[in-house]
Structure formats: C-alpha cells, structure tokens
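Content type compact mmCIF, C-alpha atoms, from the file target_21.txt:
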```txt
# COMPACT_ATOMS: atom_id res chain seq x y z
CA MET A 1 -22.15 15.58 -3.30
CA VAL A 2 -21.13 12.24 -1.76
CA ALA A 3 -21.33 12.24 2.05
CA LEU A 4 -18.50 10.95 4.21
CA GLN A 5 -20.84 8.52 6.00
CA ALA A 6 -21.88 7.09 2.64
CA LEU A 7 -18.23 6.44 1.84
CA PHE A 8 -17.77 4.64 5.16
CA HIS A 9 -20.80 2.47 4.43
CA GLY A 10 -19.66 1.71 0.89
CA ILE A 11 -16.25 0.55 2.09
CA ALA A 12 -17.77 -1.70 4.74
CA GLN A 13 -20.19 -3.26 2.22
CA ALA A 14 -17.57 -3.98 -0.47
CA GLN A 15 -17.63 -7.72 -1.16
CA ASP A 16 -14.21 -7.94 -2.80
CA GLU A 17 -11.19 -5.86 -3.76
CA GLN A 18 -12.54 -5.03 -7.22
CA THR A 19 -15.70 -3.54 -5.69
CA LEU A 20 -13.62 -1.62 -3.16
CA ARG A 21 -11.38 -0.18 -5.88
CA SER A 22 -14.37 0.85 -7.98
CA HIS A 23 -15.98 2.51 -4.96
CA ILE A 24 -12.80 4.40 -4.12
CA SER A 25 -12.12 5.46 -7.69
CA ALA A 26 -15.58 6.87 -8.34
CA GLU A 27 -17.00 8.14 -5.06
CA MET A 28 -13.79 9.27 -3.37
CA SER A 29 -12.82 11.13 -6.53
CA GLU A 30 -16.12 12.98 -6.37
CA TYR A 31 -15.89 13.64 -2.63
CA PHE A 32 -12.41 15.15 -2.84
CA SER A 33 -12.91 16.76 -6.28
CA ALA A 34 -9.90 14.77 -7.45
CA THR A 35 -8.69 14.28 -11.00
CA ARG A 36 -7.56 10.76 -10.17
CA CYS A 37 -7.98 8.39 -7.24
CA GLY A 38 -6.56 4.93 -6.79
CA LEU A 39 -5.81 2.18 -4.28
CA PHE A 40 -2.43 0.43 -4.39
CA PHE A 41 -1.39 -2.67 -2.43
CA PHE A 42 2.39 -3.12 -2.39
CA ALA A 43 2.19 -6.92 -2.47
CA GLN A 44 0.40 -6.78 -5.84
CA ILE A 45 2.79 -4.50 -7.70
CA SER A 46 4.66 -7.55 -9.03
CA LEU A 47 1.49 -8.71 -10.79
CA VAL A 48 1.17 -5.68 -13.09
CA ASP A 49 2.81 -5.00 -16.45
CA SER A 50 6.58 -4.57 -16.17
CA LYS A 51 6.54 -0.96 -17.42
CA ILE A 52 3.74 0.00 -15.02
CA LYS A 53 5.51 -1.89 -12.23
CA LYS A 54 8.69 0.12 -12.74
CA ALA A 55 6.77 3.41 -12.75
CA LEU A 56 4.90 2.47 -9.57
CA GLN A 57 8.07 1.43 -7.77
CA ILE A 58 9.65 4.80 -8.57
CA ALA A 59 6.52 6.74 -7.65
CA LEU A 60 6.16 4.88 -4.33
CA SER A 61 9.86 4.91 -3.50
CA PRO A 62 10.62 6.77 -0.23
CA GLN A 63 14.03 7.67 -1.67
CA HIS A 64 12.46 9.39 -4.67
CA ASN A 65 9.16 10.64 -3.31
CA PRO A 66 8.93 12.67 -0.04
CA VAL A 67 5.19 11.97 0.12
CA ALA A 68 5.90 8.22 0.15
CA ARG A 69 8.62 8.72 2.75
CA TYR A 70 6.19 10.59 5.02
CA LEU A 71 3.66 7.76 4.73
CA LEU A 72 6.27 5.13 5.52
CA GLU A 73 7.60 6.97 8.56
CA ARG A 74 4.33 8.26 10.05
CA HIS A 75 1.47 6.11 8.71
CA ALA A 76 -0.53 9.33 8.36
CA PRO A 77 -2.16 11.13 5.40
CA VAL A 78 -0.08 13.77 3.65
CA HIS A 79 -0.22 16.15 0.69
CA GLU A 80 2.79 17.40 -1.20
CA ALA A 81 2.75 20.92 0.29
CA LEU A 82 3.42 19.46 3.77
CA VAL A 83 6.75 17.94 2.81
CA VAL A 84 8.24 19.87 -0.10
CA GLU A 85 8.31 23.30 -1.73
CA PRO A 86 6.09 23.75 -4.82
CA LYS A 87 9.07 24.27 -7.16
CA THR A 88 10.73 21.11 -5.88
CA TRP A 89 7.53 19.10 -6.27
CA LYS A 90 7.27 20.14 -9.92
CA LEU A 91 10.76 18.73 -10.47
CA ILE A 92 9.84 15.47 -8.76
CA CYS A 93 6.48 15.13 -10.51
CA PRO A 94 6.05 17.50 -13.48
CA ARG A 95 2.79 15.96 -14.75
CA ALA A 96 -0.03 18.49 -15.06
CA ASP A 97 -2.60 15.96 -13.79
CA HIS A 98 -0.48 15.41 -10.63
CA TRP A 99 -0.04 19.11 -9.83
CA HIS A 100 -1.36 18.40 -6.34
CA VAL A 101 -1.29 14.98 -4.66
CA MET A 102 -2.63 13.56 -1.43
CA ALA A 103 -2.03 10.07 -0.09
CA GLY A 104 -3.24 8.05 2.88
CA PRO A 105 -1.93 4.84 4.49
CA ILE A 106 -3.46 1.39 4.43
CA VAL A 107 -2.12 -0.43 7.49
CA SER A 108 -2.24 -4.09 8.54
CA ASN A 109 -0.50 -5.69 11.51
CA GLY A 110 1.35 -2.47 12.18
CA GLU A 111 2.83 -2.36 8.68
CA LEU A 112 2.14 -0.07 5.73
CA VAL A 113 0.64 -2.43 3.13
CA GLY A 114 -0.92 0.01 0.69
CA VAL A 115 -1.77 3.58 -0.21
CA VAL A 116 -4.82 5.55 -1.27
CA GLY A 117 -3.66 8.21 -3.70
CA LEU A 118 -5.52 11.24 -5.06
CA THR A 119 -4.42 13.92 -7.51
CA ARG A 120 -5.64 17.28 -8.77
CA GLN A 121 -4.59 18.80 -12.06
CA GLN A 122 -2.93 22.13 -12.72
CA GLY A 123 -5.26 25.07 -12.02
CA MET A 124 -7.21 23.28 -9.28
CA PRO A 125 -6.82 24.26 -5.58
CA ALA A 126 -4.39 22.31 -3.40
CA PHE A 127 -5.58 19.72 -0.89
CA ASP A 128 -6.02 21.17 2.61
CA SER A 129 -6.08 20.14 6.27
CA GLN A 130 -9.78 19.19 6.17
CA ASN A 131 -9.07 16.89 3.23
CA LEU A 132 -6.33 15.23 5.29
CA THR A 133 -8.69 14.75 8.25
CA ASP A 134 -11.35 13.15 6.05
CA LEU A 135 -8.82 10.93 4.29
CA SER A 136 -7.50 9.78 7.67
CA ALA A 137 -10.99 8.60 8.63
CA LEU A 138 -11.46 6.83 5.30
CA CYS A 139 -8.08 5.09 5.55
CA LEU A 140 -9.08 3.76 8.97
CA HIS A 141 -12.16 2.17 7.42
CA ILE A 142 -10.19 0.76 4.48
CA SER A 143 -7.54 -0.68 6.81
CA THR A 144 -10.31 -2.33 8.83
CA TRP A 145 -11.80 -3.76 5.61
CA VAL A 146 -8.40 -5.19 4.66
CA ALA A 147 -7.98 -6.80 8.09
CA MET A 148 -11.42 -8.40 7.94
CA SER A 149 -10.82 -9.57 4.37
CA GLN A 150 -7.56 -11.26 5.40
CA LEU A 151 -9.34 -13.12 8.19
CA GLN A 152 -11.82 -14.54 5.68
CA GLN A 153 -9.21 -15.70 3.13
CA PRO A 154 -7.08 -18.84 3.30
CA LEU A 155 -3.46 -17.79 3.75
CA LEU A 156 -0.21 -19.62 4.22
CA GLN A 157 -0.04 -19.83 7.98
CA THR A 158 1.48 -21.58 10.93
CA GLY A 159 1.66 -20.62 14.56
CA ARG A 160 5.44 -20.69 14.37
CA LEU A 161 5.65 -17.67 12.03
CA THR A 162 5.01 -14.02 12.86
CA PRO A 163 2.60 -11.96 10.68
CA ARG A 164 5.58 -10.34 8.92
CA GLU A 165 7.18 -13.74 8.28
CA MET A 166 3.89 -15.02 6.90
CA GLN A 167 3.80 -12.02 4.56
CA ILE A 168 7.32 -12.82 3.33
CA ALA A 169 6.38 -16.49 2.89
CA SER A 170 3.40 -15.54 0.74
CA LEU A 171 5.63 -13.46 -1.53
CA VAL A 172 8.16 -16.28 -1.75
CA ALA A 173 5.29 -18.56 -2.79
CA GLN A 174 4.58 -16.10 -5.64
CA GLY A 175 8.13 -16.62 -6.89
CA GLN A 176 9.53 -13.27 -5.84
CA THR A 177 13.24 -12.73 -5.23
CA ASN A 178 14.70 -11.23 -2.06
CA ALA A 179 15.21 -7.93 -3.90
CA GLU A 180 11.58 -7.88 -5.06
CA ILE A 181 10.30 -8.71 -1.56
CA SER A 182 12.52 -5.96 -0.14
CA ALA A 183 11.07 -3.38 -2.55
CA GLU A 184 7.46 -4.40 -1.97
CA LEU A 185 7.64 -4.52 1.82
CA TRP A 186 9.87 -1.44 2.08
CA ILE A 187 12.53 -3.22 4.10
CA THR A 188 16.18 -3.89 3.32
CA GLU A 189 17.23 -6.94 1.34
CA ASN A 190 19.36 -8.02 4.30
CA SER A 191 16.23 -7.94 6.50
CA VAL A 192 14.56 -10.33 4.06
CA LYS A 193 17.58 -12.66 4.15
CA GLN A 194 17.69 -12.67 7.95
CA ALA A 195 13.92 -13.27 8.16
CA LEU A 196 14.20 -16.24 5.79
CA LYS A 197 17.00 -17.75 7.90
CA ARG A 198 14.78 -17.52 10.98
CA MET A 199 11.84 -19.00 9.09
CA PHE A 200 13.93 -21.91 7.80
CA ARG A 201 15.03 -22.70 11.37
CA LYS A 202 11.49 -22.50 12.73
CA LEU A 203 10.08 -24.72 10.00
CA GLU A 204 13.12 -27.02 9.87
CA VAL A 205 13.55 -26.63 6.11
CA SER A 206 16.59 -25.86 3.96
CA SER A 207 15.13 -24.24 0.84
CA ARG A 208 12.46 -21.81 -0.32
CA ALA A 209 10.64 -24.54 -2.23
CA HIS A 210 10.62 -26.84 0.81
CA MET A 211 9.30 -23.97 2.97
CA VAL A 212 6.44 -23.21 0.56
CA ALA A 213 5.54 -26.88 0.31
CA LYS A 214 5.50 -27.29 4.09
CA LEU A 215 3.41 -24.16 4.61
CA SER A 216 0.95 -25.26 1.93
CA THR A 217 0.54 -28.56 3.74
CA VAL A 218 0.02 -26.80 7.07
CA SER A 219 -2.66 -24.50 5.62
CA LYS A 220 -4.78 -27.33 4.21
```
Now that the file is in, can you turn its structure into structure tokens?
Amino acid sequence: MVALQALFHGIAQAQDEQTLRSHISAEMSEYFSATRCGLFFFAQISLVDSKIKKALQIALSPQHNPVARYLLERHAPVHEALVVEPKTWKLICPRADHWHVMAGPIVSNGELVGVVGLTRQQGMPAFDSQNLTDLSALCLHISTWVAMSQLQQPLLQTGRLTPREMQIASLVAQGQTNAEISAELWITENSVKQALKRMFRKLEVSSRAHMVAKLSTVSK
C-alpha cells in the first residue's frame, strides 16, 4: 500500500508535468483504490482532440456537474454523495466506471486552475470523509508544485498586468477566442472582454496581436 508521505515526496520530486501526471495516475489510484485517476489543467483543454475537448468541457461544467460547481465555489475536495442524491448522479453520469467520483482543486493565485479526479466503478464502496481529508492534503502539495513550476518557466509578463490578466494574455497568445477563454477560466465572456479592454489601456495597444507582440518583447 502506498503511503501518504510517499505521495507527498513523489509530487515534490516530479521534474515536469508528464512525471507528475504519471505519479498521480499510478500511485494515487492505488492509494485511493480508484478505477481511474487523472489531473486536468483547464488552460490545456484547448490542446486536446476536439471530441475529447467537448466531453471534458461538459464534464467540468459547473452548470452540468454539481461536483464541478462545488469545486469552483469552495476550492475544496468533494465526492458526488456530498452534493447530489445517488439516483440523480446516475442520470448525470450513468457510466459504470464513474459510479463514484471524487475531485480535488488545484489552485494558483487564488484561482481554480485544475482538478484531480478519481473514480470507482459500480460495486465498489463510495469515497468517504477520510478520502476527502487525504485528497485535500495531496491537492495542497500539487498546488504548491504548480506554483513553483510557474516560477521556473518563462511566461508572458509585465508589472502592469495582474496574474489573472497575464493568464488571459497567455491564452490569447495561444489563439483562443473570448468564448474559449471564458470556458477555460470559468468566468463570463463579458469578464474576458472587460479584462482585455483594461489590458489594452495598460499596454497602450489596440489589438490582440499587438498586445501579444508587446508582451513577447517585454518577456525577452
């Protein structure tokens, strides 16, 4: 049986995101006796296959999924039995390998940036309060790893932009639309529009392309 301290150490020692994902998938699955375990960063959903992207957006939508809504509102681990009746959950997610689900928040700069998700198949016991407590501790370590990783990577940056504005700028640089940025950051499309107006004023630019070019120059 994998020990919780070993999981903490493994997260801290992960050299890159691929290693972190592998560690989470294998060892956290074993620790929680989970059928599936995965790590999802919202900013990377746009990079996956279009069919998978659509499925992930629905699964992680707070309008569709009460587990996702709980994470967004509270930034705290949750399993399906905390937020919905069993019969209702089966209507929301009828898959036998997702009979029970548990999810924990990955937080950066006060924002929910990702999720650790675990599932158990039909016939297995539900996740319990001790599982939530352990997942909470693990999510703290993962969030710390993400923060340290961001400090070590070159990002579009300028002292004139807030962390949230920098996040929006990075997504703009990836070619995403306002609607796509809205979905990935879990904010309204109008919030994206207003943020971009503020950013244009701060940077004294008049277009998305000009903003990206200016930020790229600043970061070099």
Might you pull out every residue within 10 Å of Tyr31 (chain A), with all atoms listed in the file counted and same-chain residues fewer than 5 positions away left off, and present them as an MDAnalysis selection string?
-> chainID A and resid 1:4 7 24 26 131 134
Option closest in space to Ile142 (chain A), from A:Val192, A:Val78, A:Gly114, A:Arg198 [counting all atoms listed in the file] = A:Gly114
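By only C-alpha atoms, and with residues fewer than 5 positions from Pro66 (chain A) along its chain excluded, the set lying at most 12 Å from it is Ile58, Ala59, Leu60, Ser61, Leu71, Leu72, Glu73, Arg74, Val78, His79, Glu80, Ala81, Leu82, Val83, Val84, Glu85, Thr88, Trp89, Ile92, Cys93, Val101, Met102 and Ala103 of chain A.
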Kindly list the centre and edge lengths in Å, rounded to one decimal, for the axis-aligned box that covers all listed atoms of region 163-182 of chain A plus 5 Å on each of its six sides, as lines of an AutoDock Vina configuration file.
```
center_x = 8.9
center_y = -12.3
center_z = 1.9
size_x = 22.6
size_y = 22.6
size_z = 27.6
```
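Using all atoms listed in the file, the nearest neighbour of Glu27 (chain A) within the list A:Ala6, A:Met199, A:Arg69, A:Phe41 is A:Ala6.
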If we count all atoms listed in the file, what is near Gly10 (chain A) at a cut-off of 9 Å, once residues fewer than 5 positions away on the same chain are taken out, given as a list in words?
->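 Selected residues are Gln5, Leu20, His23 and Ile24 of chain A.
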Would you mind writing region 83-119 of chain A with N, CA and C atoms, as a compact mmCIF listing (two decimals), in the frame of the given file?
```
# COMPACT_ATOMS: atom_id res chain seq x y z
N VAL A 83 5.42 18.53 2.75
CA VAL A 83 6.75 17.94 2.81
C VAL A 83 7.76 18.53 1.84
N VAL A 84 7.31 19.36 0.91
CA VAL A 84 8.24 19.87 -0.10
C VAL A 84 7.74 21.19 -0.66
N GLU A 85 8.67 22.03 -1.10
CA GLU A 85 8.31 23.30 -1.73
C GLU A 85 7.68 23.06 -3.10
N PRO A 86 6.76 23.94 -3.52
CA PRO A 86 6.09 23.75 -4.82
C PRO A 86 7.06 23.56 -5.99
N LYS A 87 8.12 24.37 -6.05
CA LYS A 87 9.07 24.27 -7.16
C LYS A 87 9.75 22.90 -7.16
N THR A 88 10.08 22.41 -5.97
CA THR A 88 10.73 21.11 -5.88
C THR A 88 9.78 20.00 -6.30
N TRP A 89 8.50 20.12 -5.90
CA TRP A 89 7.53 19.10 -6.27
C TRP A 89 7.37 19.02 -7.78
N LYS A 90 7.41 20.15 -8.46
CA LYS A 90 7.27 20.14 -9.92
C LYS A 90 8.44 19.45 -10.58
N LEU A 91 9.61 19.46 -9.93
CA LEU A 91 10.76 18.73 -10.47
C LEU A 91 10.60 17.23 -10.24
N ILE A 92 10.05 16.88 -9.09
CA ILE A 92 9.84 15.47 -8.76
C ILE A 92 8.73 14.88 -9.61
N CYS A 93 7.65 15.63 -9.76
CA CYS A 93 6.48 15.13 -10.51
C CYS A 93 5.94 16.26 -11.39
N PRO A 94 6.44 16.39 -12.61
CA PRO A 94 6.05 17.50 -13.48
C PRO A 94 4.72 17.33 -14.20
N ARG A 95 4.03 16.21 -14.02
CA ARG A 95 2.79 15.96 -14.75
C ARG A 95 1.70 16.95 -14.34
N ALA A 96 1.02 17.50 -15.33
CA ALA A 96 -0.03 18.49 -15.06
C ALA A 96 -1.22 17.90 -14.31
N ASP A 97 -1.46 16.59 -14.48
CA ASP A 97 -2.60 15.96 -13.79
C ASP A 97 -2.21 15.50 -12.38
N HIS A 98 -0.94 15.70 -11.99
CA HIS A 98 -0.48 15.41 -10.63
C HIS A 98 0.08 16.68 -9.99
N TRP A 99 -0.53 17.83 -10.32
CA TRP A 99 -0.04 19.11 -9.83
C TRP A 99 -0.13 19.17 -8.31
N HIS A 100 -1.20 18.56 -7.78
CA HIS A 100 -1.36 18.40 -6.34
C HIS A 100 -1.65 16.92 -6.06
N VAL A 101 -1.05 16.38 -5.01
CA VAL A 101 -1.29 14.98 -4.66
C VAL A 101 -1.58 14.87 -3.17
N MET A 102 -2.36 13.88 -2.82
CA MET A 102 -2.63 13.56 -1.43
C MET A 102 -2.66 12.04 -1.31
N ALA A 103 -2.08 11.51 -0.25
CA ALA A 103 -2.03 10.07 -0.09
C ALA A 103 -2.30 9.69 1.37
N GLY A 104 -2.94 8.54 1.54
CA GLY A 104 -3.24 8.05 2.88
C GLY A 104 -2.80 6.61 3.04
N PRO A 105 -2.48 6.18 4.26
CA PRO A 105 -1.93 4.84 4.49
C PRO A 105 -2.99 3.76 4.68
N ILE A 106 -2.70 2.59 4.13
CA ILE A 106 -3.46 1.39 4.43
C ILE A 106 -2.55 0.53 5.29
N VAL A 107 -2.98 0.22 6.51
CA VAL A 107 -2.12 -0.43 7.49
C VAL A 107 -2.71 -1.77 7.91
N SER A 108 -1.83 -2.77 8.06
CA SER A 108 -2.24 -4.09 8.54
C SER A 108 -1.13 -4.65 9.41
N ASN A 109 -1.47 -5.13 10.59
CA ASN A 109 -0.50 -5.69 11.51
C ASN A 109 0.66 -4.74 11.79
N GLY A 110 0.33 -3.46 11.87
CA GLY A 110 1.35 -2.47 12.18
C GLY A 110 2.26 -2.10 11.03
N GLU A 111 1.99 -2.62 9.84
CA GLU A 111 2.83 -2.36 8.68
C GLU A 111 2.04 -1.61 7.61
N LEU A 112 2.75 -0.76 6.86
CA LEU A 112 2.14 -0.07 5.73
C LEU A 112 2.05 -1.06 4.58
N VAL A 113 0.83 -1.42 4.17
CA VAL A 113 0.64 -2.43 3.13
C VAL A 113 0.08 -1.85 1.84
N GLY A 114 -0.36 -0.60 1.89
CA GLY A 114 -0.92 0.01 0.69
C GLY A 114 -1.14 1.50 0.88
N VAL A 115 -1.59 2.13 -0.19
CA VAL A 115 -1.77 3.58 -0.21
C VAL A 115 -3.03 3.94 -0.99
N VAL A 116 -3.76 4.91 -0.49
CA VAL A 116 -4.82 5.55 -1.27
C VAL A 116 -4.24 6.85 -1.80
N GLY A 117 -4.24 7.02 -3.11
CA GLY A 117 -3.66 8.21 -3.70
C GLY A 117 -4.67 9.02 -4.48
N LEU A 118 -4.63 10.34 -4.33
CA LEU A 118 -5.52 11.24 -5.06
C LEU A 118 -4.69 12.36 -5.69
N THR A 119 -5.12 12.83 -6.85
CA THR A 119 -4.42 13.92 -7.51
C THR A 119 -5.41 14.98 -7.99
```
